[in-house]
Amino acid sequence: MTVRHDISVVALAIVVQVLLLLVGPGQAYLRANETECPTEALVDLTASFEKNPDRNGSSIVVDGVFYPADAIRWQGNKALGCPCRTRGCLPLCCSHDSCMGPVNRSTEAEFFPVHSPESMQVDPDFQVSQYWQFAWNPCHGGDRYILTPENPDPDFKDDKFQLLSNGSMYQPTIKHLRNYTDFCVDYMNNTYRMVVCFDEGDTPAPSIENIHSIFPTGMLISVPFLIATFVVYMLIPELRNIHGQTLCAYVFSLIVAYIALSTLQIIKQDTISDLSCYVYAYIVHFSFLASFFWLNVMCFDIWWTFG
């Protein structure tokens, strides 16, 4: 049994190594002007090259990190090095104009177990601080999702993953190796989460996003008819009695609530600032509460008149 287990581990390690060669240093998630390394991961090496006249053909060691010549990009007189060429990189998620802070020794115990790419076993000697950590959004505003390997639902069995010390992430169920440019780590509700971009050709969030688009569409279709009702009751004098006025107040509250809530659901969440989110939330909350209270007033008026 032990021999079979060892053979399986070796075979899995060989598969991962082959995938690493096929994946290479870059992925489609890099921008058009980034050939190997995200701009956010680059390190300014200009000061270290000031005393080196043969700058374009030289490698260099900075803060214990070796940068070969092909890992250094020159922009005019500015030298930018890619540490991800020589060590594992750990991308930290950015959204809503804020980024996750670095993983340090105080929070290392709560972090994912890090596996060795050679044995695919947990590496007890590896420390998260050995990663080069940088903050960015790998999906560039595109669709992404959170892996939940702890979910017992069979639909989430593909979410199991192994974070490797070289900066890659392997999903054993689907035998898929992701480069560091394909995911990022976030910290939500006192728990580290792995956030992954949808691959090209994937169908993002099967039907949830489509279902969410139905609600704002239905509300926006209702708005013109609510406006027409409001205008008719305001223009015809015979309808401007107490019941008509309460109906106008009720309809106006629904118009404001529907427009605000639909706008909030249609706009991509990453593009909404915190202040705008608070403003929209207060408007939606107040407008719906107002509509419910005006509906109570109408019900009481009907009971008082016809009861």
# chains A, B, ... in the order shown; residues from 1 in each chain; ligands from 1
>>> residues_around(residues="Ser291 in chain A", least_positions_apart="2", cutoff="7 Å", atoms="only C-alpha atoms", output="list in words")
Tyr250, Ser253, Leu254, Ser287, Phe288, Leu289, Phe293, Trp294 and Leu295 of chain A
>>> write_last_selection(atoms="C-alpha atoms", output="mmCIF file, in the first residue's frame")
data_model
loop_
_atom_site.group_PDB
_atom_site.id
_atom_site.type_symbol
_atom_site.label_atom_id
_atom_site.label_comp_id
_atom_site.auth_asym_id
_atom_site.auth_seq_id
_atom_site.Cartn_x
_atom_site.Cartn_y
_atom_site.Cartn_z
ATOM 1 C CA TYR A 250 -46.328 55.754 -2.401
ATOM 2 C CA SER A 253 -41.141 56.285 -3.121
ATOM 3 C CA LEU A 254 -41.211 53.171 -5.303
ATOM 4 C CA SER A 287 -37.318 54.755 -0.085
ATOM 5 C CA PHE A 288 -38.579 51.226 0.557
ATOM 6 C CA LEU A 289 -39.434 52.065 4.163
ATOM 7 C CA PHE A 293 -45.440 53.339 5.416
ATOM 8 C CA TRP A 294 -47.412 55.113 2.655
ATOM 9 C CA LEU A 295 -48.978 51.760 1.767
#
>>> closest_residue(among="A:Ile214, A:Val65, A:Ala41, A:Met219", to="Phe134 in chain A", atoms="only C-alpha atoms")
A:Ala41
>>> atom_distance(atom1="CA of Pro216 in chain A", atom2="CA of Ile272 in chain A")
16.8 Å
>>> residues_around(residues="range 149-165 of chain A", least_positions_apart="4", cutoff="8 Å", atoms="only C-alpha atoms", output="list of chain:residue names")
A:Gly88, A:Phe112, A:Pro113, A:Val114, A:His115, A:Ser116, A:Pro117, A:Met120, A:Phe126, A:Tyr131, A:Met169, A:Tyr170, A:Gln171, A:Pro172, A:Thr173, A:Ile174
>>> write_last_selection(atoms="N, CA and C atoms", output="JSON list (two decimals), in the first residue's frame")
[["chain", "number", "residue", "atom", "x", "y", "z"],
["A", 88, "GLY", "N", 9.08, 32.29, -5.48],
["A", 88, "GLY", "CA", 7.63, 32.24, -5.57],
["A", 88, "GLY", "C", 7.00, 33.59, -5.28],
["A", 112, "PHE", "N", -2.93, 29.28, 4.40],
["A", 112, "PHE", "CA", -3.03, 27.98, 3.76],
["A", 112, "PHE", "C", -1.75, 27.18, 3.97],
["A", 113, "PRO", "N", -1.85, 25.86, 4.07],
["A", 113, "PRO", "CA", -0.62, 25.06, 4.06],
["A", 113, "PRO", "C", 0.06, 25.16, 2.69],
["A", 114, "VAL", "N", 1.38, 25.33, 2.71],
["A", 114, "VAL", "CA", 2.14, 25.48, 1.47],
["A", 114, "VAL", "C", 2.79, 24.15, 1.13],
["A", 115, "HIS", "N", 2.61, 23.71, -0.13],
["A", 115, "HIS", "CA", 3.12, 22.42, -0.57],
["A", 115, "HIS", "C", 4.38, 22.59, -1.41],
["A", 116, "SER", "N", 5.17, 21.56, -1.40],
["A", 116, "SER", "CA", 6.36, 21.53, -2.25],
["A", 116, "SER", "C", 5.97, 21.07, -3.64],
["A", 117, "PRO", "N", 6.43, 21.75, -4.70],
["A", 117, "PRO", "CA", 6.07, 21.32, -6.07],
["A", 117, "PRO", "C", 6.74, 20.00, -6.47],
["A", 120, "MET", "N", 4.65, 17.43, -3.68],
["A", 120, "MET", "CA", 3.23, 17.73, -3.53],
["A", 120, "MET", "C", 2.76, 17.48, -2.10],
["A", 126, "PHE", "N", 8.81, 25.73, 4.92],
["A", 126, "PHE", "CA", 8.56, 26.93, 4.12],
["A", 126, "PHE", "C", 7.77, 27.95, 4.94],
["A", 131, "TYR", "N", 7.75, 34.20, 0.23],
["A", 131, "TYR", "CA", 7.13, 34.65, -1.01],
["A", 131, "TYR", "C", 7.45, 36.13, -1.25],
["A", 169, "MET", "N", -0.61, 27.41, -8.02],
["A", 169, "MET", "CA", -1.70, 26.81, -7.26],
["A", 169, "MET", "C", -2.28, 25.66, -8.07],
["A", 170, "TYR", "N", -2.33, 24.48, -7.45],
["A", 170, "TYR", "CA", -2.76, 23.26, -8.15],
["A", 170, "TYR", "C", -4.11, 22.81, -7.61],
["A", 171, "GLN", "N", -5.04, 22.52, -8.54],
["A", 171, "GLN", "CA", -6.35, 21.98, -8.18],
["A", 171, "GLN", "C", -6.37, 20.50, -8.56],
["A", 172, "PRO", "N", -6.20, 19.61, -7.57],
["A", 172, "PRO", "CA", -6.00, 18.18, -7.88],
["A", 172, "PRO", "C", -7.23, 17.51, -8.48],
["A", 173, "THR", "N", -8.42, 17.96, -8.12],
["A", 173, "THR", "CA", -9.63, 17.30, -8.62],
["A", 173, "THR", "C", -9.74, 17.42, -10.13],
["A", 174, "ILE", "N", -9.43, 18.60, -10.64],
["A", 174, "ILE", "CA", -9.53, 18.82, -12.09],
["A", 174, "ILE", "C", -8.17, 18.81, -12.76]]
>>> residues_around(residues="Tyr258 in chain A", least_positions_apart="3", cutoff="12 Å", atoms="only C-alpha atoms", output="PyMOL selection string")
chain A and resi 215-224+226-227+251-255+261-266+280+283-288+291
>>> write_last_selection(atoms="C-alpha atoms", output="mmCIF file, in the first residue's frame")
data_model
loop_
_atom_site.group_PDB
_atom_site.id
_atom_site.type_symbol
_atom_site.label_atom_id
_atom_site.label_comp_id
_atom_site.auth_asym_id
_atom_site.auth_seq_id
_atom_site.Cartn_x
_atom_site.Cartn_y
_atom_site.Cartn_z
ATOM 1 C CA PHE A 215 -34.490 41.790 -10.982
ATOM 2 C CA PRO A 216 -33.138 45.221 -12.001
ATOM 3 C CA THR A 217 -34.561 44.740 -15.503
ATOM 4 C CA GLY A 218 -38.023 44.059 -14.106
ATOM 5 C CA MET A 219 -37.828 47.053 -11.784
ATOM 6 C CA LEU A 220 -36.708 49.391 -14.575
ATOM 7 C CA ILE A 221 -39.602 48.184 -16.757
ATOM 8 C CA SER A 222 -41.973 49.126 -13.928
ATOM 9 C CA VAL A 223 -40.575 52.647 -13.547
ATOM 10 C CA PRO A 224 -42.225 54.233 -16.678
ATOM 11 C CA LEU A 226 -45.134 54.229 -12.074
ATOM 12 C CA ILE A 227 -44.157 57.625 -13.485
ATOM 13 C CA VAL A 251 -45.610 55.626 -6.144
ATOM 14 C CA PHE A 252 -42.859 58.272 -5.895
ATOM 15 C CA SER A 253 -41.141 56.285 -3.121
ATOM 16 C CA LEU A 254 -41.211 53.171 -5.303
ATOM 17 C CA ILE A 255 -39.786 55.094 -8.281
ATOM 18 C CA LEU A 261 -31.610 49.577 -6.400
ATOM 19 C CA SER A 262 -31.493 48.767 -10.125
ATOM 20 C CA THR A 263 -28.512 51.070 -10.630
ATOM 21 C CA LEU A 264 -26.713 49.458 -7.707
ATOM 22 C CA GLN A 265 -27.285 45.947 -9.086
ATOM 23 C CA ILE A 266 -26.349 46.760 -12.689
ATOM 24 C CA TYR A 280 -27.118 54.153 -2.465
ATOM 25 C CA ILE A 283 -31.517 55.895 -0.448
ATOM 26 C CA VAL A 284 -32.774 52.354 -1.114
ATOM 27 C CA HIS A 285 -33.456 51.671 2.566
ATOM 28 C CA PHE A 286 -35.289 54.956 3.153
ATOM 29 C CA SER A 287 -37.318 54.755 -0.085
ATOM 30 C CA PHE A 288 -38.579 51.226 0.557
ATOM 31 C CA SER A 291 -43.254 53.126 0.398
#
>>> residues_around(residues="range 76-82 of chain A", least_positions_apart="6", cutoff="8 Å", atoms="only C-alpha atoms", output="list in words")
Cys37, Ala41, Leu42, Val43, Asp44, Leu45, Thr46, Phe49 and Tyr67 of chain A
>>> atom_distance(atom1="CA of Tyr233 in chain A", atom2="CA of Phe300 in chain A")
19.6 Å
>>> select_by_dssp(residues="range 129-274 of chain A", states="strand (DSSP E)", output="PyMOL selection string")
chain A and resi 132-136+144-147+162-164+169-171+176-178+183-188+191-197
>>> closest_residue(among="A:Ala228, A:Asn137, A:His243, A:Ala249", to="Trp304 in chain A", atoms="only C-alpha atoms")
A:His243
>>> atom_distance(atom1="CA of Asn190 in chain A", atom2="CA of Cys94 in chain A")
16.7 Å
>>> residues_around(residues="Pro68 in chain A", least_positions_apart="5", cutoff="9 Å", atoms="only C-alpha atoms", output="short mmCIF file (atom, residue, chain, number, x, y, z; two decimals) with C-alpha atoms, in the first residue's frame")
data_model
loop_
_atom_site.label_atom_id
_atom_site.label_comp_id
_atom_site.auth_asym_id
_atom_site.auth_seq_id
_atom_site.Cartn_x
_atom_site.Cartn_y
_atom_site.Cartn_z
CA SER A 58 24.39 42.30 -15.99
CA SER A 59 22.66 40.30 -13.35
CA ILE A 60 22.48 41.58 -9.80
CA VAL A 61 21.71 40.52 -6.23
CA GLY A 81 13.39 43.65 -11.76
CA ARG A 85 11.52 34.79 -12.00
CA THR A 86 13.67 33.49 -9.16
#
